[in-house]
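Trainee: Have a look at this one before I ask anything.
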Amino acid sequence: MSVLNDGWELVIGLEVHVELGTATKMWCGCSTDFGGEPNTRVCEVCTGQPGSLPVVNEQAVRDAVLLGLALNGSIAPRCWFHRKNYFYPDLAKNYQISQYDVPIVADGYLDVEVEEDGDIVTRRVGIERLHMEEDTGKSLHLGETGRIHGADRSLIDYNRCGIPLLEIVSHPDLRDPQTAQAYLRELQAIVRAVGVSDARMEEGSIRCDANVSVRRPGEPLGTRCEIKNLNSVRSLGRAITFEARRQVAVLDDGGQIVMETRHWDEGRGVTETLRRKESVTDYRYFPDPDLGAITMPADKVAAIGTTLPELPAATRARLAETGLARDQIATLVGGGLVACFDEAVAAGAPPVVAANWLTGDVTGQLAAVSLTLSDSGLTGVHLAELVAMTDDGTVSMTLAKEVLAGVIEERGTVGPRQLAADRGIEQMADEGALQAIVDEVVAANPGTVTAIAQGNAKAIGALVGAVMKATGGKADPKRTNELLRAAIAAAQPE
Amino acid sequence: MAAAPITRLSAAELSRHLASGELSAREVIDAHLDRIAATDGIVADGDVWTGLHDAGEGSVHAFLSVTAAESRRQADEVDRQRSAGEDLGPLAGIPIALKDVLTTKGTATTCGSRMLEGWVPPYDATVVELVRNAGMVALGKTNMDEFAMGSSTENSAFSPTRNPWDLTRVPGGSSGGSAAAVAALQAPLSIGTDTGGSIRQPAALTGIVGAKPTYGTVSRRGLVAFASSLDQAGPFARTVEDAALLQRVLQRHDPRDSTSVPHADVDVVSGLRDGIDGLKVGVVTELQGEGFEAGVADVFAASLRRLEALGASLEEVSLPHAGYGLPAYYLIAPSECSSNLARFDGVRYGLRVDAPTAEEMNALTRAQGFGPEVRRRIMIGTHALSSGYYDAYYLQASKVRTLIAADFAAAFANVDVLVSPTSPTVAFELGSKTGDPLAMYLNDIATVPASLAGIPALSVPAGLAAPDGGDVQLPVGLQIMAPLLDDAVMYRAAWAFEQDLRFDASPTGRCAVEVDR
Amino acid sequence: MSLSVDDVRHVARLARLALPDDEIEALAPQLSAILGYAEQVAEVAADDVEPTTHPFGLADVMRADQPRPSLSREAILAGAPVIDGVRQVDQDRFSVPRIVAEEG
């Protein structure tokens, strides 16, 4: 689906920053935990005190290589760090340690699936480079807007300063907002699958800037604008669409696109000039004399490669073979539910049933109590046990949901069968008691009974529901059905 | 009591007197504090003595601050430990002065700059920790050229240090305060830092021993960076043995400095007295002749004869690219400095000059907080790294480094050490070179090549000479350079030379600081 | 290499130094002389010479990803600049005048 009229081509490249989930910062031993009181996760290194020196976090380098391999990139046998010099109060040293001429990863790609005219097609997006760098601190702008413009003063917190970042730069291979969104989603899924970051856009642990330009097909690339402040996959799509149309409108009016950085205003749905590129600092990159080279001989890369888990594309292909629907697969992969799914299936749950549970009630119940799957303590083994309990008639679906809620409530410390037993959640075993309730229901609903007797078989559902209600959901639906039919038949005159 | 005044004793002698109980650490500290009070032009009052910005013509002004109360407390603690029979290192209880470029937790560190006036670091430099762990007692922080940029200590924001041999002259720089403190008998030992000669040149000009260890063997953590790939801390002392004892404490691998070499703990002490019979000494062709004062050349020639008489064999050696060392240095050092000093922006520490916007605040703070030479070098470095100039300047200079290192490697294939005069001149008069930056830079001509190659080099007193056109007798230093990590051989050569020369390190002359003989 | 007054002004902006005009004018010939002297390096730095940025060329100096205690907030904020007796700290953060340009 094109967002532009015929005769214009949209060209998009994405720069994605991933904040690594290492325990410590890139150059010092300060914790990287999200949140925390301002300026409490700081030391002489990450606040740029005179005389302080950086030492590379080994895990961050491993993570970079791992993600690089997942993105089909080639790993530099030898790379190093440069200083990118610019002044900004939240950058403690007034230079960012980054990589310049030789990034640790180059020439990767990512295949993304997009829908085109009802078909699913695969698009390959080239990745120019992946390099290591450090995050900046955070500025709080005091004033009416909370934004930088109009602020009287800015307050700086260096907790985030020095947290390891990977910057992943795509080639300008993207041609429409949908593919850009698919790329970002896929990248997010890969980052999570390899476990280097939780990649949450809302917390800023994955951030995306878009370079957007338009041209007449076949012509050289047009002047691009960089769009910042994209806080969700949805804003990425909206911002690209707005910006592409803005640029075409300027050109159609005979104007020229100015190379600049633009800010996406989510509320107003527009991009605005942030700063012109010609005023951008000359970064004066040079090799950081405080740090040595990082070498990655083939054997070391291979050793890291053996720790690479199954990637989302492979997972999707594997799940498709089990008969799951595409949407359901997407939910499992995108929601980080695959490990639990695999565990449930391994423990005997039929794939489709396990997937239904995970994408339906499990996801719903977790959302209701604001828990992640891992925090809930729920395992695939629990899920398989729950499925078995519904199969063998121990609980109805209704009761099973109650059991699931209980397991989550206990954070997985108690399994489903045990929990059902502890809480007395089980179907009525007392045939006499059930018969009495069935007889009451039949007696209380003569109209419905007549309708059923006259051939409206579906109407029995209402009577089953009434029995369930009366038993608090503990009746076995199958047995209830049988008893109801017998009672209706017995109630009819010869 | 020792026969000579306490302040005339070397660290090794003091160590023996402390071990035998003839002297207490407290007596040693008090004697040096008294000496500082008498000669340095300092307000000797309160827990921390502060240096006078106008110390007066009769004062050395080596110190910016003296932590008198804390020094006495530490000395008492060493005495207590000794009387309790604790096992103390050889330098326990020995006073030491620290260049004010080393961070000291709880004690102001200025780097000789208005920019950091009043700043109290939240952490100790690794070398400060090492010195304390050795039981040494810090006296205070010494004056320096601002952020270690200069060759005369005249670039200090807190007025220059004066040469104890002639108070109208400079002590050299940038570690002029540390050198002058030792030469003026205010401390037996001190620590300086050397980027292009900032230990060796002041050692030569004040008639003491000063060494730049192999780059990477002394931790730079807590050494406020001027040029990271060149900066190295090292010892000043009045004897070669003392310098070696201190260097032995400082050379240690530091996992918190990524440029610290794994096998940093070179033993420069054990072989000190082994002599130099058969030592092959290379005389560097390019580091003599034009630009070197006649008096310096004479002392150097005599030094060569002395080395030969001690059994060394002399050989003329060429370092073809040595002449490119100074131009390369004056691209590399300012480039690194322009980036290293960017952090001084008025946000987190030190001076702030208020302004309506952060950008103006940064620019005004930096313009007013840095002195003229620092501003000049930041400008040179910023230009040299800027778009379109990087290849012509920084990259080319980095290649010259490769060539110079290769020159040294080739030379050391044939000789054990290389020698040259440390400085082309003896101590010059205050103010005589401040108007001409390039002339000032030429002071480093003989010291910069070793800095670029990272090799160890020291300056040992070689005699006295008059400046061109003058008649006052001033110290001349002999520079001895050695291969990477072979700091021991240069100490062995320097010790043999010193024992034979028997140079008296006490300042003499019309304008010398007063010495009790 | 000869630097014009405008060149020097540009460099001062990059270096974030608010230099007065007289210093800018004085620096132009000084920097030109120093850089002119330094340019000699080009005479010998051939294409086939590898640059050296560190005497030892150490590689793979890294630390394990294990947390160490941070410094206290008080210790870090204690360094903040003081203007008219007031430490420039607010809400446990370093306080600066408004930032004009976004960057990064």
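Going through the structure tokens in order, the chains are called A, B, and so on, while each chain numbers its residues from 1 and the ligands are numbered from 1 in the order shown.
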Within 6 Å of chain A, which residues of chain B show up when using only C-alpha atoms, listed as a ChimeraX atom specification?

Mentor: /B:221-225,228-229,258,342-343,385-386

Trainee: Write the residues of the preceding selection, restricted to C-alpha atoms, as a PDB file, in the first residue's frame.

Mentor:
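And here is the file that came out, part_16.pdb:
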ATOM      1  CA  ARG B 221      43.539   6.494  36.855  1.00  0.00           C
ATOM      2  CA  GLY B 222      43.103   9.718  38.769  1.00  0.00           C
ATOM      3  CA  LEU B 223      45.754  11.539  36.769  1.00  0.00           C
ATOM      4  CA  VAL B 224      43.698  14.356  35.244  1.00  0.00           C
ATOM      5  CA  ALA B 225      44.329  13.752  31.573  1.00  0.00           C
ATOM      6  CA  SER B 228      46.072  10.265  27.414  1.00  0.00           C
ATOM      7  CA  SER B 229      48.398   8.371  25.089  1.00  0.00           C
ATOM      8  CA  SER B 258      42.699  -0.040  30.176  1.00  0.00           C
ATOM      9  CA  ALA B 342      35.843  19.233  26.986  1.00  0.00           C
ATOM     10  CA  ARG B 343      34.394  17.937  30.249  1.00  0.00           C
ATOM     11  CA  LEU B 385      40.801  17.088  14.566  1.00  0.00           C
ATOM     12  CA  SER B 386      38.206  19.034  12.609  1.00  0.00           C
TER      13      SER B 386
END

Trainee: Name the residues of region 102-233 of chain A that come out as strand (DSSP E) in a backbone DSSP run; write them as a ChimeraX atom specification.

Mentor: /A:105-116,119-134,138-143,151-157,164-170,206-215,225-230

Trainee: Based on the backbone DSSP call, show me all residues of chain C assigned alpha helix (DSSP H), as an MDAnalysis selection string.

Mentor: chainID C and resid 5:14 21:38 73:77

Trainee: Give me the residues near Glu133 (chain A) as a PDB file with N, CA and C atoms, in the first residue's frame, where near means some atom within 6 Å (using only C-alpha atoms) and where sequence neighbours in that chain fewer than 6 positions away do not count.

Mentor:
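Writing the result to selection.pdb gives the following:
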ATOM      1  N   ILE A  97      31.804   7.950  23.703  1.00  0.00           N
ATOM      2  CA  ILE A  97      32.661   6.890  23.186  1.00  0.00           C
ATOM      3  C   ILE A  97      31.792   6.015  22.296  1.00  0.00           C
ATOM      4  N   SER A  98      32.201   5.898  21.043  1.00  0.00           N
ATOM      5  CA  SER A  98      31.402   5.212  20.046  1.00  0.00           C
ATOM      6  C   SER A  98      32.348   4.478  19.106  1.00  0.00           C
ATOM      7  N   LEU A 165      24.930   0.849  24.657  1.00  0.00           N
ATOM      8  CA  LEU A 165      23.972   0.923  23.560  1.00  0.00           C
ATOM      9  C   LEU A 165      24.554   0.209  22.351  1.00  0.00           C
TER      10      LEU A 165
END

Trainee: With a distance cut-off of 8 Å and only C-alpha atoms, select the neighbouring residues of region 128-132 of chain A, excluding the residue or stretch itself and same-chain residues fewer than 4 positions from it, and output the selection as a PyMOL selection string.

Mentor: chain A and resi 61+64+68+98-99+103-108+164-171

Trainee: Can you list, as a list in words, every protein, DNA or RNA residue that comes within 7 Å of region 112-125 of chain B when you count only C-alpha atoms, leaving out same-chain residues fewer than 4 positions away?

Mentor: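 My reading of the contact set: Asp100, Leu102, Thr103, Thr104, Lys105, Gly106, Thr107, Ala108, Glu129, Asn143, Met144, Asp145, Glu146, Phe147, Ser156, Ala157, Phe158, Arg221, Gly222, Leu223, Tyr349, Gly350, Leu351, Gly369 and Phe370 of chain B; Ala75, Ile76 and Gly79 of chain C.
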
Trainee: Give the residues of chain C that lie within 6 Å of chain A; count only C-alpha atoms, and format the answer as a count of residues only.

Mentor: 18

Trainee: Return as a VMD selection string the residues belonging to chain C that are within 7 Å of chain B, counting only C-alpha atoms.

Mentor: chain C and resid 11 to 12 15 to 19 31 34 37 to 38 40 to 42 45 49 to 55 58 61 75 to 76 79 to 81 94 96 to 100

Trainee: Let me see the file: selected residues, C-alpha atoms, as a tab-separated table (two decimals), in the first residue's frame.

Mentor:
chain	number	residue	atom	x	y	z
C	11	VAL	CA	37.29	26.70	15.79
C	12	ALA	CA	36.45	28.64	18.96
C	15	ALA	CA	35.73	24.23	21.13
C	16	ARG	CA	32.98	26.13	22.94
C	17	LEU	CA	35.24	28.98	24.01
C	18	ALA	CA	33.76	32.48	24.18
C	19	LEU	CA	36.94	34.25	23.12
C	31	LEU	CA	47.99	29.14	15.41
C	34	ILE	CA	52.39	26.58	15.26
C	37	TYR	CA	55.68	24.21	12.11
C	38	ALA	CA	53.70	21.04	12.87
C	40	GLN	CA	56.43	19.07	8.77
C	41	VAL	CA	55.01	15.70	9.79
C	42	ALA	CA	53.62	15.34	6.28
C	45	ALA	CA	54.30	10.17	7.01
C	49	VAL	CA	53.11	3.76	7.46
C	50	GLU	CA	50.58	2.51	10.00
C	51	PRO	CA	49.52	5.08	12.60
C	52	THR	CA	50.35	4.42	16.26
C	53	THR	CA	47.91	5.61	18.89
C	54	HIS	CA	49.27	3.63	21.82
C	55	PRO	CA	52.83	2.52	22.58
C	58	LEU	CA	47.00	-3.49	24.05
C	61	VAL	CA	41.26	-5.24	28.02
C	75	ALA	CA	29.58	12.76	46.87
C	76	ILE	CA	28.79	13.44	43.21
C	79	GLY	CA	31.16	18.85	43.25
C	80	ALA	CA	28.46	20.93	41.53
C	81	PRO	CA	29.45	24.54	40.82
C	94	PHE	CA	22.66	19.11	38.37
C	96	VAL	CA	21.92	24.27	34.30
C	97	PRO	CA	20.46	27.25	32.48
C	98	ARG	CA	18.05	26.38	29.69
C	99	ILE	CA	19.54	24.34	26.87
C	100	VAL	CA	19.00	26.00	23.50

Trainee: With distances taken over only C-alpha atoms, which of A:Gly412, A:Gly13, A:Gly73, A:Val196 is nearest to Pro172 (chain A)?

Mentor: A:Gly13

Trainee: When you draw a straight line from CA of Val268 (chain B) to CA of Leu245 (chain B), how long is it in Å?

Mentor: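 If I compute the distance from CA of Val268 (chain B) to CA of Leu245 (chain B), I get 7.8 Å.
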